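Note: the block below is run-v4.cif and it holds mmCIF, C-alpha atoms.
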```
data_final
#
loop_
_atom_site.group_PDB
_atom_site.id
_atom_site.type_symbol
_atom_site.label_atom_id
_atom_site.label_comp_id
_atom_site.auth_asym_id
_atom_site.auth_seq_id
_atom_site.Cartn_x
_atom_site.Cartn_y
_atom_site.Cartn_z
ATOM 1 C CA MET A 1 28.516 -56.497 -49.265
ATOM 2 C CA VAL A 2 28.588 -53.423 -47.019
ATOM 3 C CA LYS A 3 25.756 -51.007 -47.484
ATOM 4 C CA LYS A 4 26.245 -47.304 -48.029
ATOM 5 C CA PRO A 5 24.655 -46.107 -44.671
ATOM 6 C CA THR A 6 27.029 -48.351 -42.744
ATOM 7 C CA LEU A 7 30.029 -46.793 -44.502
ATOM 8 C CA ILE A 8 28.752 -43.315 -43.659
ATOM 9 C CA LEU A 9 28.372 -44.193 -39.959
ATOM 10 C CA LEU A 10 31.824 -45.782 -39.936
ATOM 11 C CA GLY A 11 33.290 -42.592 -41.484
ATOM 12 C CA ILE A 12 31.584 -40.394 -38.856
ATOM 13 C CA LEU A 13 32.943 -42.649 -36.108
ATOM 14 C CA LEU A 14 36.490 -42.354 -37.497
ATOM 15 C CA LEU A 15 36.146 -38.541 -37.673
ATOM 16 C CA LEU A 16 35.025 -38.414 -34.026
ATOM 17 C CA VAL A 17 37.944 -40.570 -32.895
ATOM 18 C CA ALA A 18 40.375 -38.391 -34.845
ATOM 19 C CA PHE A 19 38.837 -35.207 -33.399
ATOM 20 C CA THR A 20 39.089 -36.617 -29.853
ATOM 21 C CA LEU A 21 42.756 -37.487 -30.290
ATOM 22 C CA TRP A 22 43.512 -34.097 -31.820
ATOM 23 C CA THR A 23 41.782 -32.130 -28.997
ATOM 24 C CA GLN A 24 43.679 -34.144 -26.368
ATOM 25 C CA GLN A 25 46.912 -32.971 -27.941
ATOM 26 C CA ASN A 26 45.609 -29.365 -28.308
ATOM 27 C CA PRO A 27 43.498 -28.657 -25.179
ATOM 28 C CA ALA A 28 43.598 -24.882 -25.675
ATOM 29 C CA ILE A 29 41.235 -25.258 -28.633
ATOM 30 C CA LEU A 30 38.341 -26.303 -26.384
ATOM 31 C CA LYS A 31 38.848 -23.653 -23.701
ATOM 32 C CA GLY A 32 35.988 -21.217 -23.766
ATOM 33 C CA GLU A 33 35.933 -17.580 -22.839
ATOM 34 C CA THR A 34 36.108 -17.134 -19.091
ATOM 35 C CA THR A 35 34.059 -14.543 -17.297
ATOM 36 C CA ALA A 36 35.871 -12.222 -14.947
ATOM 37 C CA THR A 37 34.854 -12.675 -11.345
ATOM 38 C CA ALA A 38 34.115 -9.651 -9.242
ATOM 39 C CA THR A 39 36.763 -8.800 -6.679
ATOM 40 C CA ALA A 40 35.846 -7.381 -3.327
ATOM 41 C CA ILE A 41 36.409 -3.670 -2.969
ATOM 42 C CA PRO A 42 38.829 -3.066 -0.102
ATOM 43 C CA LYS A 43 37.352 -1.356 2.932
ATOM 44 C CA PRO A 44 38.932 2.045 3.647
ATOM 45 C CA LEU A 45 39.655 1.133 7.299
ATOM 46 C CA ALA A 46 40.139 -2.623 6.837
ATOM 47 C CA GLY A 47 43.346 -2.807 8.912
ATOM 48 C CA TRP A 48 42.091 -0.691 11.817
ATOM 49 C CA LYS A 49 41.750 -2.528 15.147
ATOM 50 C CA ILE A 50 38.442 -1.723 16.816
ATOM 51 C CA ASP A 51 39.598 -2.359 20.378
ATOM 52 C CA ASP A 52 42.674 -0.150 19.947
ATOM 53 C CA THR A 53 40.662 3.036 19.216
ATOM 54 C CA ARG A 54 41.228 5.763 21.801
ATOM 55 C CA MET A 55 39.736 8.850 20.162
ATOM 56 C CA ILE A 56 37.181 9.697 17.458
ATOM 57 C CA LYS A 57 37.016 13.220 16.070
ATOM 58 C CA TYR A 58 34.402 14.566 13.649
ATOM 59 C CA GLU A 59 35.121 17.935 12.062
ATOM 60 C CA LYS A 60 32.742 19.835 9.814
ATOM 61 C CA PRO A 61 33.756 23.264 8.508
ATOM 62 C CA ASP A 62 30.376 24.815 9.332
ATOM 63 C CA SER A 63 29.951 23.442 12.864
ATOM 64 C CA GLN A 64 31.713 22.660 16.114
ATOM 65 C CA THR A 65 34.206 19.782 16.291
ATOM 66 C CA PHE A 66 32.854 16.649 17.955
ATOM 67 C CA THR A 67 35.461 14.589 19.867
ATOM 68 C CA LEU A 68 34.990 11.339 21.775
ATOM 69 C CA ARG A 69 37.796 10.179 24.045
ATOM 70 C CA MET A 70 38.180 6.833 25.766
ATOM 71 C CA GLY A 71 38.635 6.878 29.537
ATOM 72 C CA LYS A 72 40.245 4.134 31.592
ATOM 73 C CA ASP A 73 38.753 1.374 29.430
ATOM 74 C CA SER A 74 36.460 0.779 26.443
ATOM 75 C CA THR A 75 33.342 1.086 28.588
ATOM 76 C CA SER A 76 34.039 4.689 29.574
ATOM 77 C CA TRP A 77 33.984 7.388 26.916
ATOM 78 C CA SER A 78 33.629 11.126 27.303
ATOM 79 C CA LEU A 79 32.743 13.998 25.046
ATOM 80 C CA ASP A 80 35.377 16.767 24.933
ATOM 81 C CA GLN A 81 32.766 19.440 24.263
ATOM 82 C CA ASP A 82 30.765 18.612 27.422
ATOM 83 C CA SER A 83 32.130 16.086 29.900
ATOM 84 C CA GLN A 84 28.843 16.152 31.839
ATOM 85 C CA ILE A 85 26.957 14.386 29.029
ATOM 86 C CA PRO A 86 26.946 10.608 29.662
ATOM 87 C CA VAL A 87 28.258 8.788 26.586
ATOM 88 C CA ASP A 88 26.803 5.384 25.693
ATOM 89 C CA SER A 89 29.829 3.094 25.193
ATOM 90 C CA GLY A 90 27.686 0.616 23.256
ATOM 91 C CA LYS A 91 26.917 3.319 20.682
ATOM 92 C CA VAL A 92 30.628 4.200 20.492
ATOM 93 C CA MET A 93 31.453 0.546 19.740
ATOM 94 C CA GLN A 94 28.678 0.518 17.129
ATOM 95 C CA LEU A 95 30.174 3.674 15.582
ATOM 96 C CA ILE A 96 33.701 2.215 15.429
ATOM 97 C CA THR A 97 32.364 -1.057 14.015
ATOM 98 C CA ASN A 98 30.354 0.795 11.354
ATOM 99 C CA LEU A 99 33.432 2.816 10.377
ATOM 100 C CA THR A 100 35.791 -0.154 10.138
ATOM 101 C CA SER A 101 33.303 -2.334 8.281
ATOM 102 C CA LEU A 102 32.275 0.438 5.867
ATOM 103 C CA GLN A 103 31.994 -1.311 2.481
ATOM 104 C CA PRO A 104 32.235 1.065 -0.497
ATOM 105 C CA ILE A 105 29.985 0.660 -3.514
ATOM 106 C CA VAL A 106 32.934 1.377 -5.784
ATOM 107 C CA LYS A 107 36.573 2.429 -5.596
ATOM 108 C CA LEU A 108 37.269 5.103 -8.185
ATOM 109 C CA GLU A 109 40.074 4.174 -10.567
ATOM 110 C CA THR A 110 40.287 7.528 -12.321
ATOM 111 C CA ILE A 111 40.191 10.440 -9.946
ATOM 112 C CA PRO A 112 38.088 13.441 -10.936
ATOM 113 C CA ASP A 113 38.715 16.877 -9.480
ATOM 114 C CA GLU A 114 38.508 16.687 -5.661
ATOM 115 C CA SER A 115 36.544 19.928 -5.447
ATOM 116 C CA ALA A 116 33.888 18.467 -7.788
ATOM 117 C CA MET A 117 33.471 15.611 -5.307
ATOM 118 C CA GLY A 118 33.411 17.970 -2.315
ATOM 119 C CA LEU A 119 36.671 16.586 -0.976
ATOM 120 C CA GLY A 120 38.649 19.799 -0.647
ATOM 121 C CA GLN A 121 39.263 22.062 2.336
ATOM 122 C CA ASP A 122 35.541 22.250 3.115
ATOM 123 C CA SER A 123 34.881 18.525 3.449
ATOM 124 C CA ALA A 124 33.914 16.856 6.697
ATOM 125 C CA LYS A 125 36.606 14.697 8.301
ATOM 126 C CA ILE A 126 36.396 11.698 10.623
ATOM 127 C CA THR A 127 39.644 10.898 12.433
ATOM 128 C CA LEU A 128 40.369 7.778 14.481
ATOM 129 C CA VAL A 129 43.374 7.684 16.825
ATOM 130 C CA ASN A 130 44.753 4.508 18.401
ATOM 131 C CA ALA A 131 46.800 3.943 21.571
ATOM 132 C CA GLY A 132 50.079 4.449 19.710
ATOM 133 C CA GLY A 133 48.962 7.793 18.277
ATOM 134 C CA THR A 134 48.463 6.448 14.753
ATOM 135 C CA THR A 135 45.592 8.134 12.924
ATOM 136 C CA ALA A 136 43.210 7.098 10.173
ATOM 137 C CA GLU A 137 41.238 9.789 8.362
ATOM 138 C CA LEU A 138 38.096 9.618 6.271
ATOM 139 C CA PHE A 139 37.107 12.693 4.278
ATOM 140 C CA VAL A 140 33.403 12.911 3.458
ATOM 141 C CA GLY A 141 32.401 14.751 0.292
ATOM 142 C CA ASN A 142 29.260 15.472 -1.729
ATOM 143 C CA GLU A 143 26.476 13.121 -2.719
ATOM 144 C CA THR A 144 26.670 11.561 -6.162
ATOM 145 C CA ALA A 145 24.361 12.749 -8.956
ATOM 146 C CA THR A 146 21.809 10.041 -8.085
ATOM 147 C CA SER A 147 22.028 10.798 -4.324
ATOM 148 C CA SER A 148 22.463 7.081 -3.616
ATOM 149 C CA GLY A 149 26.127 7.459 -2.751
ATOM 150 C CA VAL A 150 28.583 9.855 -1.139
ATOM 151 C CA TYR A 151 32.176 10.511 -2.222
ATOM 152 C CA MET A 152 34.790 9.596 0.366
ATOM 153 C CA LYS A 153 38.571 9.684 0.547
ATOM 154 C CA SER A 154 40.791 7.569 2.761
ATOM 155 C CA GLY A 155 44.551 7.753 2.312
ATOM 156 C CA ASP A 156 45.139 7.686 -1.441
ATOM 157 C CA GLY A 157 41.847 5.903 -2.187
ATOM 158 C CA TYR A 158 38.676 7.543 -3.488
ATOM 159 C CA TYR A 159 35.388 5.738 -2.908
ATOM 160 C CA ILE A 160 31.643 6.009 -3.235
ATOM 161 C CA VAL A 161 29.803 4.743 -0.161
ATOM 162 C CA ASN A 162 26.100 4.161 0.366
ATOM 163 C CA THR A 163 24.320 7.329 1.534
ATOM 164 C CA SER A 164 22.162 5.569 4.136
ATOM 165 C CA THR A 165 25.182 3.806 5.667
ATOM 166 C CA LEU A 166 27.067 7.091 5.978
ATOM 167 C CA THR A 167 23.977 8.812 7.420
ATOM 168 C CA GLU A 168 23.824 6.129 10.112
ATOM 169 C CA ILE A 169 27.455 6.887 10.993
ATOM 170 C CA THR A 170 27.051 10.675 11.028
ATOM 171 C CA ASN A 171 23.882 10.390 13.145
ATOM 172 C CA LEU A 172 26.004 8.690 15.817
ATOM 173 C CA LEU A 173 28.508 11.562 15.596
ATOM 174 C CA THR A 174 26.121 13.931 17.366
ATOM 175 C CA ILE A 175 25.434 14.580 21.044
ATOM 176 C CA GLN A 176 21.927 13.141 20.706
ATOM 177 C CA GLY A 177 23.192 10.108 18.800
ATOM 178 C CA ILE A 178 25.974 9.126 21.204
ATOM 179 C CA SER A 179 24.589 10.074 24.622
ATOM 180 C CA LYS A 180 22.932 7.624 26.970
ATOM 181 C CA ALA A 181 19.182 7.681 27.034
ATOM 182 C CA THR A 182 17.890 9.379 30.138
ATOM 183 C CA GLU A 183 16.105 7.031 32.429
ATOM 184 C CA THR A 184 12.604 7.963 33.403
ATOM 185 C CA PRO A 185 12.052 7.382 37.120
ATOM 186 C CA ILE A 186 9.295 4.966 37.936
ATOM 187 C CA PRO A 187 6.781 6.564 40.285
ATOM 188 C CA THR A 188 6.192 4.677 43.481
ATOM 189 C CA ALA A 189 2.711 3.899 44.552
ATOM 190 C CA THR A 190 1.541 5.631 47.701
ATOM 191 C CA GLU A 191 -1.381 4.754 49.817
ATOM 192 C CA THR A 192 -4.217 7.177 49.819
ATOM 193 C CA ALA A 193 -6.084 7.801 52.994
ATOM 194 C CA GLU A 194 -9.645 6.636 52.986
ATOM 195 C CA PRO A 195 -12.228 8.982 54.447
#
```
Mind turning this structure into structure tokens?
Amino acid sequence: MVKKPTLILLGILLLLVAFTLWTQQNPAILKGETTATATAIPKPLAGWKIDDTRMIKYEKPDSQTFTLRMGKDSTSWSLDQDSQIPVDSGKVMQLITNLTSLQPIVKLETIPDESAMGLGQDSAKITLVNAGGTTAELFVGNETATSSGVYMKSGDGYYIVNTSTLTEITNLLTIQGISKATETPIPTATETAEP
């Protein structure tokens, strides 16, 4: 005679087998909710070729335009405003690299009023020009409410970029930031006459 606990275990086993067969025929039942994965925010100048840059222009409405122009090769750059100032080509390459690798914090999907972001006629503008005359422009606006980001426009895209990253770029767009460090001459030792 079969005892009652054995019949219960046998019934549970049959239910499990039936459930397994049923879920194999209906796999969608066991699929759980999937979490959306974050997608990388496109860089405003992602397609720009660093080694093809021939000119960099920085315009601010309240100050003089700052223009760097490449000479015969990428190791010789000059400043339009004062050709006598020696330009550090390593800093120019750093500037172009920083601009092309600029990673926004966020790309704005809904566009607020441009003037509220400081992206109107009075915004600063960084322009890159390549050998073929093609230009790429970045418009720099106001800081965000938390001051951790700055509004920026490139083409039809509106972004918020990290304030410290943009400050690093704009610091290079100055005469002091881009010029070669002056070398201090090393004094030569001279013999002193002994009395």
**Q.** Selection result of the PyMOL selection byres ((chain A and resi 49) around 10) on this file, as a PyMOL selection string
**A.** chain A and resi 45-48+50-53+96-97+100+130
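For the atom pair formed by atom CA of A:Leu95 and atom CA of A:Ile169, the distance is 6.2 Å, given to one decimal.
In this comparison, which uses only C-alpha atoms, the residue of A:Lys180, A:Lys125, A:Lys91, A:Lys153 approaching A:Ser63 most closely is A:Lys125.
The shell of residues at most 10 Å from A:Glu109, with all atoms listed in the file counted and near chain neighbours (fewer than 5 positions) removed, consists of Gly157, Tyr158 and Tyr159 of chain A.
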Q) Written as a PyMOL selection string, what is the full residue list that the PyMOL selection byres ((chain A and resi 81) around 9) yields on the file shown? A) chain A and resi 64-68+78-80+82-83
Q.
Restricting the calculation to only C-alpha atoms: of A:Asn98, A:Ser154, A:Thr23, A:Thr110, which residue gets closest to A:Glu168?
A. A:Asn98
Expected axis-aligned box over every listed atom of stretch 170-177 of chain A, 8 Å added per side, centre plus edges in Å to one decimal, as AutoDock Vina command-line options:
```
--center_x 25.2 --center_y 11.6 --center_z 16.0 --size_x 22.6 --size_y 21.9 --size_z 26.0
```
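Between atom CA of A:Val87 and atom CA of A:Met152 the interatomic distance comes to 27.0 Å.
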Q | Contacts of A:Glu143 within 10 Å, only C-alpha atoms, excl. fewer than 3 positions in-chain, as a ChimeraX atom specification | A | /A:117-118,140,146-152,160-163
Q.
Evaluate the PyMOL selection byres ((chain A and resi 106) around 7) against this structure - the residues, as a PyMOL selection string, please.
A. chain A and resi 41+104-105+107-108+159-160
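Distance-wise, atom CA of A:Asp122 and atom CA of A:Lys57 end up 15.9 Å apart.
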(Q) Nearest residue to A:Lys43 out of A:Gln103, A:Ser89, A:Leu173, A:Ser179, using all atoms listed in the file? (A) A:Gln103
Q) A:Thr182: which residues within 12 Å, counting only C-alpha atoms, same-chain residues fewer than 3 positions away excluded, as a ChimeraX atom specification? A) /A:85-88,176,179,185
Kindly save the residues from that selection, with C-alpha atoms included, as a short mmCIF file (atom, residue, chain, number, x, y, z; two decimals), in the frame of the given file.
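Wrote it out as result27.cif, contents follow:
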```cif
data_model
loop_
_atom_site.label_atom_id
_atom_site.label_comp_id
_atom_site.auth_asym_id
_atom_site.auth_seq_id
_atom_site.Cartn_x
_atom_site.Cartn_y
_atom_site.Cartn_z
CA ILE A 85 26.96 14.39 29.03
CA PRO A 86 26.95 10.61 29.66
CA VAL A 87 28.26 8.79 26.59
CA ASP A 88 26.80 5.38 25.69
CA GLN A 176 21.93 13.14 20.71
CA SER A 179 24.59 10.07 24.62
CA PRO A 185 12.05 7.38 37.12
#
```
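With only C-alpha atoms as the atoms that count, the minimum distance from A:Gly90 to the choices A:Leu102, A:Ser74, A:Glu59, A:Thr167 is reached by A:Ser74.
With distances restricted to all atoms listed in the file, A:Pro61 is the closest residue to A:Ser123 from A:Pro42, A:Gly177, A:Pro27, A:Pro61.
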Q: Select, from A:Gln121, A:Gly133, A:Ala181, A:Lys4, the residue with the minimum atom-to-atom distance to A:Lys60, counting only C-alpha atoms.
A: A:Gln121
